[in-house]
$ cat model.pdb   # PDB, C-alpha atoms
ATOM      1  CA  MET Y   1       0.000   0.000   0.000
ATOM      2  CA  THR Y   2       1.169   3.524  -0.686
ATOM      3  CA  THR Y   3      -0.332   7.003  -0.423
ATOM      4  CA  GLY Y   4      -0.650   9.639  -3.120
ATOM      5  CA  PHE Y   5       2.100  10.682  -5.488
ATOM      6  CA  ASN Y   6       4.589  13.005  -3.870
ATOM      7  CA  ASN Y   7       7.853  11.100  -4.001
ATOM      8  CA  ILE Y   8       9.750   9.708  -6.984
ATOM      9  CA  CYS Y   9      11.519   7.183  -4.723
ATOM     10  CA  ILE Y  10       8.322   5.147  -4.348
ATOM     11  CA  GLU Y  11       7.722   4.962  -8.089
ATOM     12  CA  GLU Y  12      11.320   3.931  -8.768
ATOM     13  CA  LEU Y  13      11.183   1.304  -6.012
ATOM     14  CA  PHE Y  14       8.106  -0.329  -7.521
ATOM     15  CA  GLN Y  15       9.539  -0.095 -11.041
ATOM     16  CA  LYS Y  16      12.810  -1.764 -10.017
ATOM     17  CA  ALA Y  17      11.078  -4.548  -8.092
ATOM     18  CA  HIS Y  18       8.834  -5.224 -11.092
ATOM     19  CA  SER Y  19      11.783  -5.288 -13.509
ATOM     20  CA  GLU Y  20      13.488  -7.863 -11.230
ATOM     21  CA  GLY Y  21      10.462 -10.125 -11.635
ATOM     22  CA  ARG Y  22       8.985  -9.712  -8.161
ATOM     23  CA  LYS Y  23       5.247 -10.372  -7.977
ATOM     24  CA  PHE Y  24       3.210  -7.805  -6.062
ATOM     25  CA  ASN Y  25       0.127  -5.621  -6.232
ATOM     26  CA  VAL Y  26       0.030  -1.985  -5.206
ATOM     27  CA  ILE Y  27      -2.896  -0.365  -3.431
ATOM     28  CA  VAL Y  28      -2.733   3.393  -3.973
ATOM     29  CA  VAL Y  29      -4.635   5.386  -1.342
ATOM     30  CA  ASP Y  30      -5.781   8.807  -2.475
ATOM     31  CA  SER Y  31      -7.548  11.786  -0.923
ATOM     32  CA  SER Y  32      -8.856  15.206  -1.797
ATOM     33  CA  PRO Y  33      -8.201  17.965  -2.585
ATOM     34  CA  LEU Y  34      -5.329  17.132  -4.964
ATOM     35  CA  PHE Y  35      -5.931  13.446  -5.822
ATOM     36  CA  GLN Y  36      -2.233  12.897  -6.574
ATOM     37  CA  GLY Y  37      -2.610   9.114  -6.448
ATOM     38  CA  ARG Y  38      -4.228   9.055  -9.895
ATOM     39  CA  ALA Y  39      -0.928  10.003 -11.522
ATOM     40  CA  LEU Y  40       0.899   7.245  -9.635
ATOM     41  CA  VAL Y  41      -1.633   4.615 -10.703
ATOM     42  CA  LYS Y  42      -1.262   5.668 -14.354
ATOM     43  CA  ARG Y  43       2.524   5.543 -14.218
ATOM     44  CA  LEU Y  44       2.722   2.211 -12.407
ATOM     45  CA  SER Y  45       0.152   0.708 -14.774
ATOM     46  CA  ASN Y  46       2.293   1.853 -17.713
ATOM     47  CA  TYR Y  47       5.134  -0.264 -16.261
ATOM     48  CA  GLY Y  48       2.798  -3.274 -16.100
ATOM     49  CA  ILE Y  49       2.359  -3.192 -12.317
ATOM     50  CA  LYS Y  50      -1.052  -4.278 -11.036
ATOM     51  CA  CYS Y  51      -2.656  -1.447  -9.066
ATOM     52  CA  LYS Y  52      -5.794  -0.907  -7.055
ATOM     53  CA  TYR Y  53      -6.959   2.690  -6.545
ATOM     54  CA  ILE Y  54      -8.915   3.504  -3.387
ATOM     55  CA  LEU Y  55      -9.940   6.619  -1.533
ATOM     56  CA  ILE Y  56      -8.851   7.232   2.035
ATOM     57  CA  HIS Y  57     -12.126   6.122   3.623
ATOM     58  CA  SER Y  58     -11.573   2.521   2.361
ATOM     59  CA  VAL Y  59      -8.233   1.958   4.107
ATOM     60  CA  GLY Y  60      -9.702   0.181   7.119
ATOM     61  CA  ALA Y  61     -11.424  -2.405   4.944
ATOM     62  CA  LEU Y  62      -8.250  -3.342   3.048
ATOM     63  CA  MET Y  63      -5.506  -2.980   5.658
ATOM     64  CA  SER Y  64      -5.845  -6.597   6.818
ATOM     65  CA  SER Y  65      -4.717  -7.773   3.351
ATOM     66  CA  VAL Y  66      -1.656  -5.473   3.225
ATOM     67  CA  THR Y  67       1.870  -6.779   3.960
ATOM     68  CA  LYS Y  68       3.621  -3.371   4.175
ATOM     69  CA  VAL Y  69       2.939   0.326   3.710
ATOM     70  CA  LEU Y  70       5.458   2.394   1.723
ATOM     71  CA  MET Y  71       5.073   6.172   1.905
ATOM     72  CA  GLY Y  72       6.888   9.153   0.544
ATOM     73  CA  ALA Y  73       7.490  12.234   2.672
ATOM     74  CA  SER Y  74       7.424  15.833   1.521
ATOM     75  CA  TYR Y  75      10.133  16.464   4.113
ATOM     76  CA  MET Y  76      11.529  15.027   7.346
ATOM     77  CA  LEU Y  77      11.588  17.026  10.571
ATOM     78  CA  GLY Y  78      14.478  17.263  12.986
ATOM     79  CA  ASN Y  79      12.689  15.100  15.557
ATOM     80  CA  GLY Y  80      12.145  12.258  13.070
ATOM     81  CA  GLY Y  81       8.614  13.246  12.109
ATOM     82  CA  ALA Y  82       7.531  13.002   8.490
ATOM     83  CA  VAL Y  83       5.387  15.568   6.703
ATOM     84  CA  SER Y  84       3.362  14.232   3.799
ATOM     85  CA  ASN Y  85      -0.006  14.277   2.024
ATOM     86  CA  ILE Y  86      -3.396  14.518   3.675
ATOM     87  CA  GLY Y  87      -4.357  11.159   5.122
ATOM     88  CA  THR Y  88      -0.841   9.783   5.501
ATOM     89  CA  SER Y  89      -0.993   9.779   9.296
ATOM     90  CA  MET Y  90      -4.349   7.993   9.219
ATOM     91  CA  VAL Y  91      -2.955   5.267   6.945
ATOM     92  CA  ALA Y  92       0.077   4.874   9.235
ATOM     93  CA  TYR Y  93      -2.193   4.666  12.278
ATOM     94  CA  MET Y  94      -4.386   2.008  10.661
ATOM     95  CA  ALA Y  95      -1.281   0.040   9.679
ATOM     96  CA  ARG Y  96      -0.001   0.161  13.244
ATOM     97  CA  GLN Y  97      -3.329  -1.116  14.556
ATOM     98  CA  GLN Y  98      -3.039  -4.104  12.190
ATOM     99  CA  LYS Y  99       0.710  -4.563  12.937
ATOM    100  CA  VAL Y 100       1.649  -3.803   9.315
ATOM    101  CA  PRO Y 101       5.154  -2.310   8.912
ATOM    102  CA  VAL Y 102       5.347   1.273   7.619
ATOM    103  CA  VAL Y 103       8.412   2.556   5.731
ATOM    104  CA  VAL Y 104       8.812   6.245   4.851
ATOM    105  CA  PHE Y 105      11.034   7.327   1.948
ATOM    106  CA  CYS Y 106      12.484  10.805   1.624
ATOM    107  CA  GLU Y 107      15.396  12.257  -0.313
ATOM    108  CA  THR Y 108      18.164  13.527   1.974
ATOM    109  CA  TYR Y 109      17.955  17.080   0.624
ATOM    110  CA  LYS Y 110      14.442  17.250   2.128
ATOM    111  CA  PHE Y 111      15.658  16.841   5.735
ATOM    112  CA  THR Y 112      15.200  19.899   7.934
ATOM    113  CA  SER Y 113      16.128  20.826  11.487
ATOM    114  CA  ARG Y 114      12.671  22.339  11.950
ATOM    115  CA  VAL Y 115      10.314  20.743  14.501
ATOM    116  CA  ASN Y 116       6.512  21.096  14.479
ATOM    117  CA  LEU Y 117       5.171  21.389  18.008
ATOM    118  CA  ASP Y 118       1.613  21.168  16.734
ATOM    119  CA  GLN Y 119       0.910  19.020  13.720
ATOM    120  CA  ILE Y 120      -1.363  21.515  11.977
ATOM    121  CA  ARG Y 121       1.082  23.318   9.726
ATOM    122  CA  GLY Y 122       1.063  23.794   5.961
ATOM    123  CA  ASN Y 123      -2.038  21.683   5.288
ATOM    124  CA  GLU Y 124      -3.096  21.121   1.693
ATOM    125  CA  VAL Y 125      -5.734  23.723   0.887
ATOM    126  CA  THR Y 126      -7.334  24.505  -2.445
ATOM    127  CA  ASN Y 127      -9.682  27.144  -3.728
ATOM    128  CA  PRO Y 128     -13.153  26.302  -2.338
ATOM    129  CA  ALA Y 129     -14.833  27.366  -5.603
TER     130      ALA Y 129
END
$ encode --input "model.pdb" --output "structure tokens"
Amino acid sequence: MTTGFNNICIEELFQKAHSEGRKFNVIVVDSSPLFQGRALVKRLSNYGIKCKYILIHSVGALMSSVTKVLMGASYMLGNGGAVSNIGTSMVAYMARQQKVPVVVFCETYKFTSRVNLDQIRGNEVTNPA
């Protein structure tokens, strides 16, 4: 399982595993307002990788069939926290409840010494029109 499309590392990981002949299916979890997961599903499907596209509210129903959750981070905080798309923390929480391992990928140039004391910073917001 993975969330949205905000990290090229995830796409390259799946592409490499597929080219090595590994058999797997990817569940792409998406959420509003940006629906970035659609682009990831299209790209992975172009490589021949089997994908399932779901919205965030379906995670609980499918988590029991997941073996691992791979996520990309927009950036990593100084205290080890990861900042990512809307819904990422919910997916990680659901995975923890089901004892599914969660791995977060982030390029090293996206590491920052900044620390969020409250976790409501820089949320994804779009024009309400």
$ residues_around --input "model.pdb" --residues "Met1 in chain Y" --least-positions-apart "5" --cutoff "12 Å" --atoms "all atoms listed in the file" --output "PDB file with C-alpha atoms, keeping the file's coordinate frame"
ATOM      1  CA  ILE Y  10       8.322   5.147  -4.348  1.00  0.00           C
ATOM      2  CA  PHE Y  14       8.106  -0.329  -7.521  1.00  0.00           C
ATOM      3  CA  PHE Y  24       3.210  -7.805  -6.062  1.00  0.00           C
ATOM      4  CA  ASN Y  25       0.127  -5.621  -6.232  1.00  0.00           C
ATOM      5  CA  VAL Y  26       0.030  -1.985  -5.206  1.00  0.00           C
ATOM      6  CA  ILE Y  27      -2.896  -0.365  -3.431  1.00  0.00           C
ATOM      7  CA  VAL Y  28      -2.733   3.393  -3.973  1.00  0.00           C
ATOM      8  CA  VAL Y  29      -4.635   5.386  -1.342  1.00  0.00           C
ATOM      9  CA  ASP Y  30      -5.781   8.807  -2.475  1.00  0.00           C
ATOM     10  CA  GLY Y  37      -2.610   9.114  -6.448  1.00  0.00           C
ATOM     11  CA  VAL Y  41      -1.633   4.615 -10.703  1.00  0.00           C
ATOM     12  CA  LYS Y  50      -1.052  -4.278 -11.036  1.00  0.00           C
ATOM     13  CA  CYS Y  51      -2.656  -1.447  -9.066  1.00  0.00           C
ATOM     14  CA  LYS Y  52      -5.794  -0.907  -7.055  1.00  0.00           C
ATOM     15  CA  TYR Y  53      -6.959   2.690  -6.545  1.00  0.00           C
ATOM     16  CA  ILE Y  54      -8.915   3.504  -3.387  1.00  0.00           C
ATOM     17  CA  ILE Y  56      -8.851   7.232   2.035  1.00  0.00           C
ATOM     18  CA  VAL Y  59      -8.233   1.958   4.107  1.00  0.00           C
ATOM     19  CA  LEU Y  62      -8.250  -3.342   3.048  1.00  0.00           C
ATOM     20  CA  MET Y  63      -5.506  -2.980   5.658  1.00  0.00           C
ATOM     21  CA  SER Y  64      -5.845  -6.597   6.818  1.00  0.00           C
ATOM     22  CA  SER Y  65      -4.717  -7.773   3.351  1.00  0.00           C
ATOM     23  CA  VAL Y  66      -1.656  -5.473   3.225  1.00  0.00           C
ATOM     24  CA  THR Y  67       1.870  -6.779   3.960  1.00  0.00           C
ATOM     25  CA  LYS Y  68       3.621  -3.371   4.175  1.00  0.00           C
ATOM     26  CA  VAL Y  69       2.939   0.326   3.710  1.00  0.00           C
ATOM     27  CA  LEU Y  70       5.458   2.394   1.723  1.00  0.00           C
ATOM     28  CA  MET Y  71       5.073   6.172   1.905  1.00  0.00           C
ATOM     29  CA  GLY Y  72       6.888   9.153   0.544  1.00  0.00           C
ATOM     30  CA  THR Y  88      -0.841   9.783   5.501  1.00  0.00           C
ATOM     31  CA  VAL Y  91      -2.955   5.267   6.945  1.00  0.00           C
ATOM     32  CA  ALA Y  92       0.077   4.874   9.235  1.00  0.00           C
ATOM     33  CA  MET Y  94      -4.386   2.008  10.661  1.00  0.00           C
ATOM     34  CA  ALA Y  95      -1.281   0.040   9.679  1.00  0.00           C
ATOM     35  CA  VAL Y 100       1.649  -3.803   9.315  1.00  0.00           C
ATOM     36  CA  PRO Y 101       5.154  -2.310   8.912  1.00  0.00           C
ATOM     37  CA  VAL Y 102       5.347   1.273   7.619  1.00  0.00           C
ATOM     38  CA  VAL Y 103       8.412   2.556   5.731  1.00  0.00           C
ATOM     39  CA  VAL Y 104       8.812   6.245   4.851  1.00  0.00           C
TER      40      VAL Y 104
END
$ closest_residue --input "model.pdb" --among "Y:His57, Y:Arg43, Y:Lys110, Y:Lys99" --to "Glu11 in chain Y" --atoms "all atoms listed in the file"
Y:Arg43
$ closest_residue --input "model.pdb" --among "Y:Val115, Y:Ala61, Y:Leu55, Y:Leu34" --to "Val83 in chain Y" --atoms "only C-alpha atoms"
Y:Val115
$ closest_residue --input "model.pdb" --among "Y:Thr3, Y:Arg114, Y:Gly48, Y:Tyr93" --to "Gly21 in chain Y" --atoms "all atoms listed in the file"
Y:Gly48
$ atom_distance --input "model.pdb" --atom1 "CA of Leu13 in chain Y" --atom2 "CA of Asn116 in chain Y"
28.9 Å
$ closest_residue --input "model.pdb" --among "Y:Gln15, Y:Asn7, Y:Asn46, Y:Ser89" --to "Tyr75 in chain Y" --atoms "all atoms listed in the file"
Y:Asn7
$ atom_distance --input "model.pdb" --atom1 "CA of Gln98 in chain Y" --atom2 "CA of Lys23 in chain Y"
22.7 Å
$ resolve_selection --input "model.pdb" --expression "the PyMOL selection byres ((chain Y and resi 74) around 12)" --output "MDAnalysis selection string"
chainID Y and resid 3:9 71:73 75:77 81:86 88 104:112 122:124
$ atom_distance --input "model.pdb" --atom1 "CA of Arg38 in chain Y" --atom2 "CA of Lys16 in chain Y"
20.2 Å
$ axis_aligned_box --input "model.pdb" --around "range 66-83 of chain Y" --padding-each-side "8 Å" --output "JSON"
{"center_x": 6.4, "center_y": 5.2, "center_z": 8.1, "size_x": 32.1, "size_y": 40.0, "size_z": 31.0}
$ closest_residue --input "model.pdb" --among "Y:Ser19, Y:Asn79, Y:Ser113, Y:Gln97" --to "Tyr47 in chain Y" --atoms "all atoms listed in the file"
Y:Ser19
